[in-house]
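Peer 1: Pasting my_file.csv here (CSV, C-alpha atoms and all ligand atoms):
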chain,number,residue,atom,x,y,z
A,56,MET,CA,61.1,18.3,72.1
A,57,ARG,CA,63.0,18.3,68.9
A,58,TRP,CA,61.3,18.6,65.6
A,59,HIS,CA,62.0,16.0,63.0
A,60,ARG,CA,64.3,17.3,60.3
A,61,ARG,CA,62.6,18.0,57.1
A,62,PRO,CA,63.8,15.6,54.4
A,63,ASP,CA,66.2,17.2,52.0
A,64,PHE,CA,64.2,17.8,48.9
A,65,LYS,CA,66.1,19.7,46.3
A,66,VAL,CA,64.7,20.4,42.9
A,67,SER,CA,67.5,19.8,40.4
A,68,LEU,CA,67.5,22.6,37.8
A,69,PRO,CA,69.0,20.5,35.0
A,70,LEU,CA,66.3,17.9,35.6
A,71,VAL,CA,63.5,20.4,35.3
A,72,VAL,CA,65.0,21.9,32.2
A,73,THR,CA,65.3,18.5,30.6
A,74,LEU,CA,61.8,17.5,31.4
A,75,ALA,CA,60.4,20.8,30.2
A,76,ALA,CA,62.4,20.4,26.9
A,77,ILE,CA,61.0,16.9,26.4
A,78,LEU,CA,57.4,18.0,27.1
A,79,LEU,CA,57.5,21.3,25.2
A,80,GLY,CA,59.3,19.4,22.3
A,81,GLY,CA,55.9,18.0,21.5
A,82,CYS,CA,54.6,21.5,20.8
A,83,GLY,CA,57.4,22.6,18.6
A,84,LEU,CA,57.2,23.5,14.9
A,85,GLY,CA,57.1,19.9,13.7
A,86,LYS,CA,55.1,17.9,11.2
A,87,GLN,CA,52.0,18.4,13.3
A,88,SER,CA,52.0,21.9,14.5
A,89,THR,CA,49.2,24.4,14.6
A,90,LEU,CA,51.9,27.1,14.9
A,91,SER,CA,53.0,26.7,11.3
A,92,PRO,CA,49.8,27.2,9.3
A,93,ALA,CA,49.9,26.3,5.6
A,94,GLY,CA,46.4,27.6,4.7
A,95,PRO,CA,43.7,30.1,5.4
A,96,VAL,CA,41.8,27.9,7.9
A,97,ALA,CA,44.8,27.1,10.0
A,98,GLN,CA,45.7,30.8,9.8
A,99,ALA,CA,42.3,31.9,11.0
A,100,GLN,CA,42.4,29.3,13.9
A,101,LEU,CA,45.9,30.5,14.9
A,102,SER,CA,44.8,34.2,14.9
A,103,MET,CA,42.0,33.2,17.3
A,104,LEU,CA,44.5,31.5,19.5
A,105,TYR,CA,46.7,34.6,19.6
A,106,GLU,CA,43.6,36.8,20.2
A,107,SER,CA,42.6,34.9,23.3
A,108,LEU,CA,46.2,34.7,24.4
A,109,ALA,CA,46.5,38.5,24.2
A,110,ILE,CA,43.3,39.0,26.3
A,111,MET,CA,44.6,36.5,28.8
A,112,THR,CA,48.0,38.1,29.0
A,113,VAL,CA,46.4,41.5,29.7
A,114,ILE,CA,44.2,40.0,32.5
A,115,PHE,CA,47.2,38.2,33.9
A,116,LEU,CA,49.3,41.4,34.0
A,117,VAL,CA,46.5,43.5,35.5
A,118,VAL,CA,45.8,40.9,38.3
A,119,LEU,CA,49.5,40.4,38.9
A,120,GLY,CA,50.0,44.2,39.1
A,121,VAL,CA,47.3,44.8,41.6
A,122,PHE,CA,48.5,41.8,43.6
A,123,VAL,CA,52.2,43.1,43.8
A,124,TYR,CA,51.0,46.7,44.5
A,125,SER,CA,48.9,45.5,47.4
A,126,LEU,CA,51.7,43.4,48.8
A,127,ILE,CA,54.0,46.3,48.9
A,128,ARG,CA,51.6,49.2,49.7
A,129,PHE,CA,49.8,47.4,52.5
A,130,ARG,CA,52.6,45.3,54.0
A,131,ALA,CA,52.9,45.2,57.9
A,132,ARG,CA,55.1,47.9,59.3
A,133,LYS,CA,56.9,48.0,62.6
A,134,THR,CA,55.0,51.2,63.5
A,135,ASP,CA,51.6,49.6,63.1
A,136,GLN,CA,49.6,49.8,66.3
A,137,ALA,CA,46.4,48.0,65.5
A,138,LEU,CA,44.7,46.2,62.6
A,139,PRO,CA,44.1,48.6,59.7
A,140,LYS,CA,40.5,49.7,58.9
A,141,GLN,CA,38.5,46.6,57.8
A,142,VAL,CA,36.6,46.9,54.5
A,143,HIS,CA,33.7,44.7,53.5
A,144,GLY,CA,32.6,44.8,49.9
A,145,SER,CA,32.7,47.6,47.3
A,146,THR,CA,29.7,47.9,45.1
A,147,ALA,CA,31.7,49.7,42.4
A,148,LEU,CA,34.3,46.9,42.3
A,149,GLU,CA,31.8,44.1,42.4
A,150,ILE,CA,30.0,45.6,39.4
A,151,ALA,CA,33.3,46.2,37.5
A,152,TRP,CA,34.5,42.6,37.9
A,153,THR,CA,31.2,41.2,36.9
A,154,ILE,CA,30.8,43.3,33.8
A,155,VAL,CA,34.4,43.1,32.5
A,156,PRO,CA,34.5,39.3,32.3
A,157,ILE,CA,31.1,39.3,30.6
A,158,ILE,CA,32.4,41.7,27.9
A,159,ILE,CA,35.5,39.4,27.4
A,160,ILE,CA,33.4,36.3,27.1
A,161,VAL,CA,31.0,38.0,24.7
A,162,VAL,CA,33.9,39.1,22.5
A,163,LEU,CA,35.5,35.6,22.5
A,164,SER,CA,32.2,33.9,21.8
A,165,ILE,CA,31.3,36.1,18.9
A,166,THR,CA,34.6,35.3,17.2
A,167,THR,CA,34.4,31.6,18.1
A,168,VAL,CA,30.8,31.3,16.8
A,169,HIS,CA,31.7,33.3,13.7
A,170,TYR,CA,34.7,31.0,12.8
A,171,ALA,CA,32.8,27.8,13.8
A,172,PHE,CA,30.1,28.6,11.3
A,173,ALA,CA,32.4,30.0,8.6
A,174,LEU,CA,34.7,26.9,8.7
A,175,GLY,CA,31.8,24.4,8.8
A,176,THR,CA,29.9,25.9,5.8
A,177,PRO,CA,30.6,24.0,2.6
A,178,GLN,CA,32.3,26.4,0.1
A,179,THR,CA,31.1,26.9,-3.4
A,180,GLY,CA,32.8,28.3,-6.5
A,181,LYS,CA,35.1,27.3,-9.3
A,182,GLY,CA,37.6,24.5,-8.4
A,183,THR,CA,36.0,23.5,-5.2
A,184,VAL,CA,36.7,19.8,-4.5
A,185,GLN,CA,34.4,17.5,-2.5
A,186,VAL,CA,35.8,14.7,-0.4
A,187,GLN,CA,33.8,12.3,1.7
A,188,VAL,CA,35.8,11.1,4.7
A,189,ILE,CA,34.7,8.0,6.6
A,190,GLY,CA,36.4,7.2,9.8
A,191,HIS,CA,36.9,3.5,10.7
A,192,GLN,CA,38.6,1.9,13.7
A,193,TYR,CA,41.5,2.6,12.9
A,194,TRP,CA,41.9,3.9,9.4
A,195,TRP,CA,40.6,6.6,7.1
A,196,GLU,CA,38.6,6.2,3.9
A,197,PHE,CA,38.6,9.0,1.4
A,198,ARG,CA,36.0,9.1,-1.4
A,199,TYR,CA,35.8,11.6,-4.3
A,200,PRO,CA,32.1,11.7,-5.2
A,201,GLY,CA,31.3,11.7,-8.9
A,202,THR,CA,34.7,10.3,-9.9
A,203,GLY,CA,34.5,6.7,-8.5
A,204,VAL,CA,37.8,7.2,-6.8
A,205,VAL,CA,38.2,5.7,-3.3
A,206,THR,CA,41.4,5.6,-1.4
A,207,ALA,CA,42.6,5.3,2.2
A,208,ASN,CA,45.0,7.0,4.6
A,209,GLN,CA,46.6,9.3,2.0
A,210,LEU,CA,44.4,12.2,0.9
A,211,HIS,CA,45.2,14.1,-2.3
A,212,ILE,CA,44.1,17.7,-2.6
A,213,PRO,CA,44.8,20.5,-5.1
A,214,VAL,CA,46.8,23.5,-3.8
A,215,GLY,CA,45.1,26.9,-3.6
A,216,GLU,CA,41.6,25.4,-3.9
A,217,LYS,CA,39.0,25.0,-1.2
A,218,VAL,CA,38.2,21.4,-0.4
A,219,ASN,CA,34.9,20.6,1.3
A,220,PHE,CA,34.9,17.6,3.5
A,221,SER,CA,31.8,15.7,4.6
A,222,LEU,CA,32.8,13.7,7.7
A,223,GLN,CA,31.1,10.4,8.7
A,224,SER,CA,31.9,7.5,10.9
A,225,ALA,CA,31.5,3.8,10.3
A,226,ASP,CA,31.7,2.9,14.0
A,227,VAL,CA,32.6,5.2,16.9
A,228,ILE,CA,33.5,8.9,17.2
A,229,HIS,CA,36.7,10.0,15.5
A,230,SER,CA,38.1,13.4,14.8
A,231,PHE,CA,39.7,14.8,11.6
A,232,TRP,CA,42.7,17.0,12.2
A,233,VAL,CA,45.6,18.2,10.0
A,234,PRO,CA,47.2,20.7,12.3
A,235,GLU,CA,49.0,22.6,9.6
A,236,LEU,CA,45.8,23.0,7.5
A,237,GLY,CA,43.2,23.2,10.3
A,238,GLY,CA,40.3,21.3,11.4
A,239,LYS,CA,39.7,19.1,14.4
A,240,THR,CA,36.1,18.3,13.6
A,241,ASP,CA,34.4,15.1,14.9
A,242,LEU,CA,33.1,12.3,12.8
A,243,ILE,CA,30.0,11.2,14.5
A,244,PRO,CA,28.1,7.9,13.8
A,245,GLY,CA,24.7,8.6,12.2
A,246,ARG,CA,25.4,12.2,11.1
A,247,THR,CA,27.5,14.2,8.7
A,248,ASN,CA,29.7,17.1,9.8
A,249,ASN,CA,31.2,19.6,7.4
A,250,LEU,CA,34.6,21.3,7.2
A,251,TRP,CA,36.6,22.9,4.5
A,252,LEU,CA,40.3,23.3,4.3
A,253,GLU,CA,42.8,24.8,1.8
A,254,ALA,CA,46.5,24.3,1.4
A,255,SER,CA,48.3,27.4,0.2
A,256,ARG,CA,51.6,25.6,-0.7
A,257,PRO,CA,52.2,22.2,-2.1
A,258,GLY,CA,53.6,19.5,0.3
A,259,LEU,CA,52.9,16.6,2.5
A,260,TYR,CA,50.9,17.3,5.6
A,261,TYR,CA,50.3,15.0,8.5
A,262,GLY,CA,46.9,14.3,10.0
A,263,GLN,CA,45.8,12.3,13.0
A,264,CYS,CA,42.6,11.1,14.6
A,265,ALA,CA,42.1,13.5,17.5
A,266,GLN,CA,39.4,11.6,19.4
A,267,LEU,CA,40.3,8.6,21.5
A,268,CYS,CA,38.5,5.8,19.6
A,269,GLY,CA,39.9,2.5,20.9
A,270,ALA,CA,43.1,0.5,21.2
A,271,GLY,CA,44.5,1.5,17.8
A,272,HIS,CA,43.7,5.2,18.1
A,273,ALA,CA,47.3,6.4,18.3
A,274,TYR,CA,48.0,4.5,15.0
A,275,MET,CA,45.1,6.2,13.2
A,276,LYS,CA,47.2,8.7,11.2
A,277,PHE,CA,47.0,9.9,7.6
A,278,THR,CA,48.9,12.1,5.2
A,279,VAL,CA,47.6,14.9,2.9
A,280,LEU,CA,49.4,15.4,-0.4
A,281,ALA,CA,48.7,18.9,-1.7
A,282,GLN,CA,49.6,19.0,-5.3
A,283,SER,CA,49.1,21.4,-8.3
A,284,PRO,CA,45.6,21.3,-9.6
A,285,ALA,CA,46.9,19.7,-12.8
A,286,ASP,CA,48.7,17.0,-10.9
A,287,PHE,CA,45.7,16.4,-8.8
A,288,GLN,CA,43.4,15.9,-11.9
A,289,LYS,CA,46.1,13.6,-13.3
A,290,TRP,CA,46.0,11.5,-10.1
A,291,LEU,CA,42.2,11.3,-10.2
A,292,ARG,CA,42.4,10.0,-13.8
A,293,HIS,CA,45.2,7.6,-12.9
A,294,MET,CA,43.1,6.1,-10.0
A,295,ARG,CA,40.4,4.9,-12.4
A,296,HIS,CA,42.0,1.6,-13.2
A,297,ASP,CA,40.5,-0.8,-15.7
A,298,THR,CA,43.0,-3.6,-15.0
A,299,VAL,CA,45.8,-4.4,-12.6
A,300,SER,CA,49.1,-5.8,-13.7
A,301,ALA,CA,50.3,-9.1,-12.4
A,302,THR,CA,53.1,-10.2,-14.7
A,303,THR,CA,55.8,-12.0,-12.9
A,304,PRO,CA,55.2,-15.5,-11.5
A,305,ALA,CA,55.3,-14.2,-7.9
A,306,GLU,CA,52.8,-11.4,-8.7
A,307,LYS,CA,50.5,-14.0,-10.4
A,308,ALA,CA,50.7,-16.3,-7.4
A,309,GLY,CA,50.0,-13.2,-5.2
A,310,LEU,CA,46.9,-12.3,-7.2
A,311,ALA,CA,45.5,-15.9,-6.7
A,312,LEU,CA,46.2,-15.8,-3.0
A,313,PHE,CA,44.6,-12.4,-2.8
A,314,LYS,CA,41.4,-13.8,-4.4
A,315,GLN,CA,41.3,-16.6,-1.8
A,316,ASN,CA,42.3,-14.7,1.4
A,317,CYS,CA,41.7,-11.0,1.0
A,318,ALA,CA,39.0,-10.2,-1.6
A,319,THR,CA,36.2,-10.5,1.0
A,320,CYS,CA,37.5,-7.4,2.8
A,321,HIS,CA,39.4,-5.4,0.2
A,322,THR,CA,38.5,-3.7,-3.1
A,323,ILE,CA,41.0,-3.2,-5.9
A,324,GLN,CA,39.8,-1.3,-8.9
A,325,GLY,CA,40.2,-3.2,-12.2
A,326,THR,CA,39.6,-6.5,-10.5
A,327,PRO,CA,36.5,-8.4,-9.4
A,328,PHE,CA,37.5,-7.8,-5.7
A,329,HIS,CA,35.0,-5.5,-4.0
A,330,GLY,CA,35.2,-6.2,-0.3
A,331,THR,CA,34.5,-3.1,1.9
A,332,VAL,CA,35.6,-4.1,5.4
A,333,GLY,CA,39.2,-2.9,4.9
A,334,PRO,CA,40.8,-0.1,3.0
A,335,ASN,CA,40.5,0.1,-0.8
A,336,LEU,CA,43.9,-1.0,-2.1
A,337,THR,CA,43.8,0.6,-5.6
A,338,ALA,CA,47.3,1.9,-6.3
A,339,LEU,CA,48.4,0.9,-2.9
A,340,ALA,CA,52.1,1.0,-3.9
A,341,GLU,CA,51.9,4.8,-4.1
A,342,ARG,CA,51.0,5.4,-0.5
A,343,PRO,CA,53.9,6.3,1.7
A,344,THR,CA,52.8,4.2,4.7
A,345,ILE,CA,50.4,1.3,5.4
A,346,ALA,CA,47.9,0.7,8.1
A,347,ALA,CA,47.3,4.4,8.7
A,348,GLY,CA,50.9,5.5,9.3
A,349,THR,CA,51.8,2.4,11.3
A,350,LEU,CA,54.5,1.0,8.9
A,351,PRO,CA,56.5,2.2,6.0
A,352,ASN,CA,55.1,1.0,2.7
A,353,THR,CA,58.1,-1.2,1.9
A,354,ALA,CA,58.5,-4.9,1.2
A,355,GLU,CA,59.5,-5.4,4.9
A,356,GLY,CA,56.6,-3.2,6.1
A,357,LEU,CA,54.1,-5.1,4.1
A,358,ALA,CA,55.5,-8.5,5.1
A,359,ALA,CA,55.4,-7.5,8.8
A,360,TRP,CA,51.8,-6.4,8.4
A,361,LEU,CA,50.7,-9.6,6.6
A,362,ARG,CA,52.4,-11.8,9.2
A,363,ASN,CA,50.2,-10.6,12.0
A,364,PRO,CA,48.4,-7.3,11.8
A,365,PRO,CA,47.1,-7.0,15.4
A,366,ALA,CA,50.7,-7.7,16.7
A,367,VAL,CA,51.9,-4.7,14.7
A,368,LYS,CA,48.9,-2.4,15.4
A,369,PRO,CA,46.8,-2.9,18.6
A,370,GLY,CA,43.2,-3.5,17.9
A,371,ALA,CA,43.6,-3.8,14.1
A,372,ARG,CA,40.5,-5.2,12.4
A,373,MET,CA,42.5,-7.3,10.0
A,374,PRO,CA,43.1,-10.8,11.5
A,375,ASP,CA,46.2,-12.9,11.5
A,376,LEU,CA,45.5,-15.1,8.4
A,377,GLY,CA,48.2,-17.7,9.2
A,378,LEU,CA,50.0,-17.1,5.9
A,379,SER,CA,53.3,-18.9,5.2
A,380,GLN,CA,56.5,-17.1,4.5
A,381,GLY,CA,56.2,-18.0,0.8
A,382,GLN,CA,52.6,-16.8,0.5
A,383,ILE,CA,53.6,-13.5,2.2
A,384,GLN,CA,56.4,-13.0,-0.4
A,385,SER,CA,54.0,-13.5,-3.3
A,386,LEU,CA,51.4,-11.3,-1.8
A,387,VAL,CA,54.0,-8.5,-1.2
A,388,ALA,CA,55.1,-8.8,-4.8
A,389,PHE,CA,51.5,-8.5,-6.0
A,390,LEU,CA,50.7,-5.5,-3.6
A,391,GLN,CA,53.9,-3.7,-4.7
A,392,ALA,CA,52.7,-3.9,-8.3
A,393,LEU,CA,49.5,-2.0,-7.5
A,394,LYS,CA,50.4,1.3,-9.0
B,1,LIG,C1,38.5,-9.6,7.7
B,1,LIG,C2,38.8,-8.6,6.8
B,1,LIG,C3,40.2,-8.5,6.2
B,1,LIG,C4,40.9,-9.5,5.5
B,1,LIG,C5,40.4,-10.9,5.2
B,1,LIG,C6,42.1,-8.9,5.0
B,1,LIG,N1,42.2,-7.6,5.4
B,1,LIG,FE1,43.6,-6.3,5.0
B,1,LIG,N2,42.8,-4.9,6.2
B,1,LIG,C7,41.6,-5.1,6.8
B,1,LIG,C8,41.4,-3.9,7.7
B,1,LIG,C9,40.2,-3.7,8.6
B,1,LIG,C10,42.5,-3.1,7.5
B,1,LIG,C11,42.8,-1.7,8.2
B,1,LIG,C12,43.6,-2.0,9.4
B,1,LIG,C13,44.1,-0.7,10.0
B,1,LIG,O1,44.8,0.1,9.4
B,1,LIG,O2,43.7,-0.5,11.2
B,1,LIG,C14,43.4,-3.8,6.5
B,1,LIG,C15,44.6,-3.2,6.0
B,1,LIG,C16,45.3,-3.8,5.0
B,1,LIG,C17,46.4,-3.1,4.4
B,1,LIG,C18,46.9,-1.7,4.6
B,1,LIG,C19,46.3,-0.8,3.7
B,1,LIG,C20,46.6,0.7,3.9
B,1,LIG,O3,46.5,1.5,3.0
B,1,LIG,O4,46.8,1.1,5.1
B,1,LIG,C21,46.9,-4.0,3.5
B,1,LIG,C22,48.1,-3.8,2.5
B,1,LIG,C23,46.1,-5.2,3.6
B,1,LIG,N3,45.1,-5.0,4.5
B,1,LIG,C24,46.3,-6.3,2.8
B,1,LIG,C25,45.6,-7.5,2.9
B,1,LIG,C26,45.9,-8.7,2.3
B,1,LIG,C27,47.0,-8.9,1.3
B,1,LIG,C28,45.0,-9.6,2.7
B,1,LIG,C29,44.9,-11.1,2.4
B,1,LIG,C30,46.1,-11.9,2.6
B,1,LIG,C31,44.1,-9.0,3.6
B,1,LIG,N4,44.5,-7.7,3.8
B,1,LIG,C32,43.0,-9.6,4.2
B,1,LIG,C33,40.7,-6.1,6.7
B,1,LIG,C34,41.0,-7.3,6.1
B,2,CU,CU,40.9,7.9,17.2
What is this file in structure tokens?
Ligand code: HEC
Ligand SMILES: [Cu+2]
Peer 2:
Amino acid sequence: MRWHRRPDFKVSLPLVVTLAAILLGGCGLGKQSTLSPAGPVAQAQLSMLYESLAIMTVIFLVVLGVFVYSLIRFRARKTDQALPKQVHGSTALEIAWTIVPIIIIVVLSITTVHYAFALGTPQTGKGTVQVQVIGHQYWWEFRYPGTGVVTANQLHIPVGEKVNFSLQSADVIHSFWVPELGGKTDLIPGRTNNLWLEASRPGLYYGQCAQLCGAGHAYMKFTVLAQSPADFQKWLRHMRHDTVSATTPAEKAGLALFKQNCATCHTIQGTPFHGTVGPNLTALAERPTIAAGTLPNTAEGLAAWLRNPPAVKPGARMPDLGLSQGQIQSLVAFLQALK
């Protein structure tokens, strides 16, 4: 009888390398990398990662060493006459490999619990800023208690100061994460979680909801603008609008359309519009993106959004309002004047 030939199955090295490069590319030092910490919290979290990696490396090397040693030392030899002496159990070994893992787990859990409590305890002291974060399907609301300032999807924080976040959800579980600054703490309906972060250098950092929360989850991003404390205070003052400007005919038409179609869901400071279903649009023109990082905040981006939000962003809670091209143009002019 002849055996069937095994099918030729060759693993192509270039293919493996390409696939690995694509997959590992996601872990690189990019906009959202825990490997390039920009503040003490991210730094502490990264140290913990390295600490457990070091322990795991030692275990790996010891196990591999024993394994390779046994393979060579106890290999079958031509001169072997019978089975070697059979051994069943070793009390000393059993005790050792029970106690050593317990010690490792205790060490790891002490550091984990220490950091979990340290990072979840609201900080006090001069310059500490409070921000209330409310997660919505699929966008972020940021409130600055005591200032009346409410914004969405772009967080402003002062550099070098601790920022306390209180995390809440308006609907389902979300998770707040800015890889370069730290975090990944859940926003759970009906309770408030705490987290503090600090940015050591000014810049724009990228955040993302880290808990699958529905169809639009992948589009639930936000940015964190870390600015000098003076600029941050200036921004807070600037956000307290008494009026909005609608001067050109298009802007005025946009304002009227907004009152009819949008005011039930959106607030704009300095106007009588106080809807709370959607993001607060005060100074909207200053955000880099709209719809939580889905589109650039340009005339084209805004027009695409107003034409049909759920077509642009799956699951978006803003309906297609059936606006005409002309209406969209006026609304875009009005929105771009919100500074
Ligand atoms: C039924 C409530 C509702 C109505 C009406 C509504 N919106 Fe929205 N809007 C939302 C929600 C919810 C979002 C958040 C969508 C998301 O990002 O997932 C949103 C997002 C937006 C955004 C993006 C804001 C940001 O910072 O990301 C803009 C701009 C906007 N709406 C403008 C308008 C305009 C202009 C109108 C009127 C023509 C309007 N909306 C009518 C609920 C509404
Ligand atoms: Cu999510």
Peer 1: Taking only C-alpha atoms and all ligand atoms into account, list the residues no farther than 9 Å from ligand CU 2 (chain B), as a VMD selection string.
Peer 2: chain A and resid 190 to 194 227 to 231 263 to 276
Peer 1: Looking at only C-alpha atoms, which of A:Val214, A:Ala305, A:Val155, A:Leu336 is the one that sits closest to A:Ala318?
Peer 2: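 With only C-alpha atoms as the atom set, the closest residue is A:Leu336.
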Peer 1: Produce as an NGL selection string the set of residues near ligand LIG 1 (chain B), where near means within 7 Å with all atoms listed in the file considered.
Peer 2: :A and (192-194 or 207-208 or 271 or 312-313 or 316-321 or 332-334 or 336 or 339 or 342 or 344-347 or 357 or 361 or 368 or 371-374 or 376 or 386 or 390)
Peer 1: What does the structure give for the distance between atom CA of A:Ala388 and atom CA of A:Ala366, in Å to one decimal?
Peer 2: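 Value for the atom CA of A:Ala388-atom CA of A:Ala366 distance: 22.0 Å.
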Peer 1: Smallest atom-to-atom distance to A:Gln382: which of A:Ala308, A:Leu108, A:Ala359, A:Ile150, using all atoms listed in the file?
Peer 2: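 Selected residue with least distance to A:Gln382: A:Ala308.
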Peer 1: Counting all atoms listed in the file, figure out which residue out of A:Ala340, A:Val72, A:Val121, A:Val367 gets nearest to A:Gln209.
Peer 2: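 Residue with the minimum atom-to-atom distance to A:Gln209: A:Ala340.
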Peer 1: How far is it from atom CA of A:Ile159 to atom CA of A:Ala109, in Å with one decimal?
Peer 2: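 Atom-to-atom, atom CA of A:Ile159 and atom CA of A:Ala109 are spaced 11.5 Å apart.
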Peer 1: Go through A:Ser221, A:Thr298, A:Thr326, A:Ser379 and flag the residue nearest A:Arg198, using all atoms listed in the file for the distances.
Peer 2: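 Residue with the minimum atom-to-atom distance to A:Arg198: A:Ser221.
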Peer 1: For A:Val387, please output as a PyMOL selection string all residues within 8 Å (counting all atoms listed in the file; exclusion window: fewer than 2 positions along the same chain).
Peer 2: chain A and resi 309+354+357-358+383-385+389-391
Peer 1: In Å, how far is it from atom CA of A:Thr353 to atom CA of A:Glu306?
Peer 2: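 Taking atom CA of A:Thr353 as the start and atom CA of A:Glu306 as the end point, the length is 15.6 Å.
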Peer 1: Check the smallest atom-to-atom distance from each of A:Gly182, A:Gly237, A:Pro200, A:Gly144 to A:Ser91 using all atoms listed in the file, then report the winner.
Peer 2: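 Counting all atoms listed in the file, the residue closest to A:Ser91 is A:Gly237.
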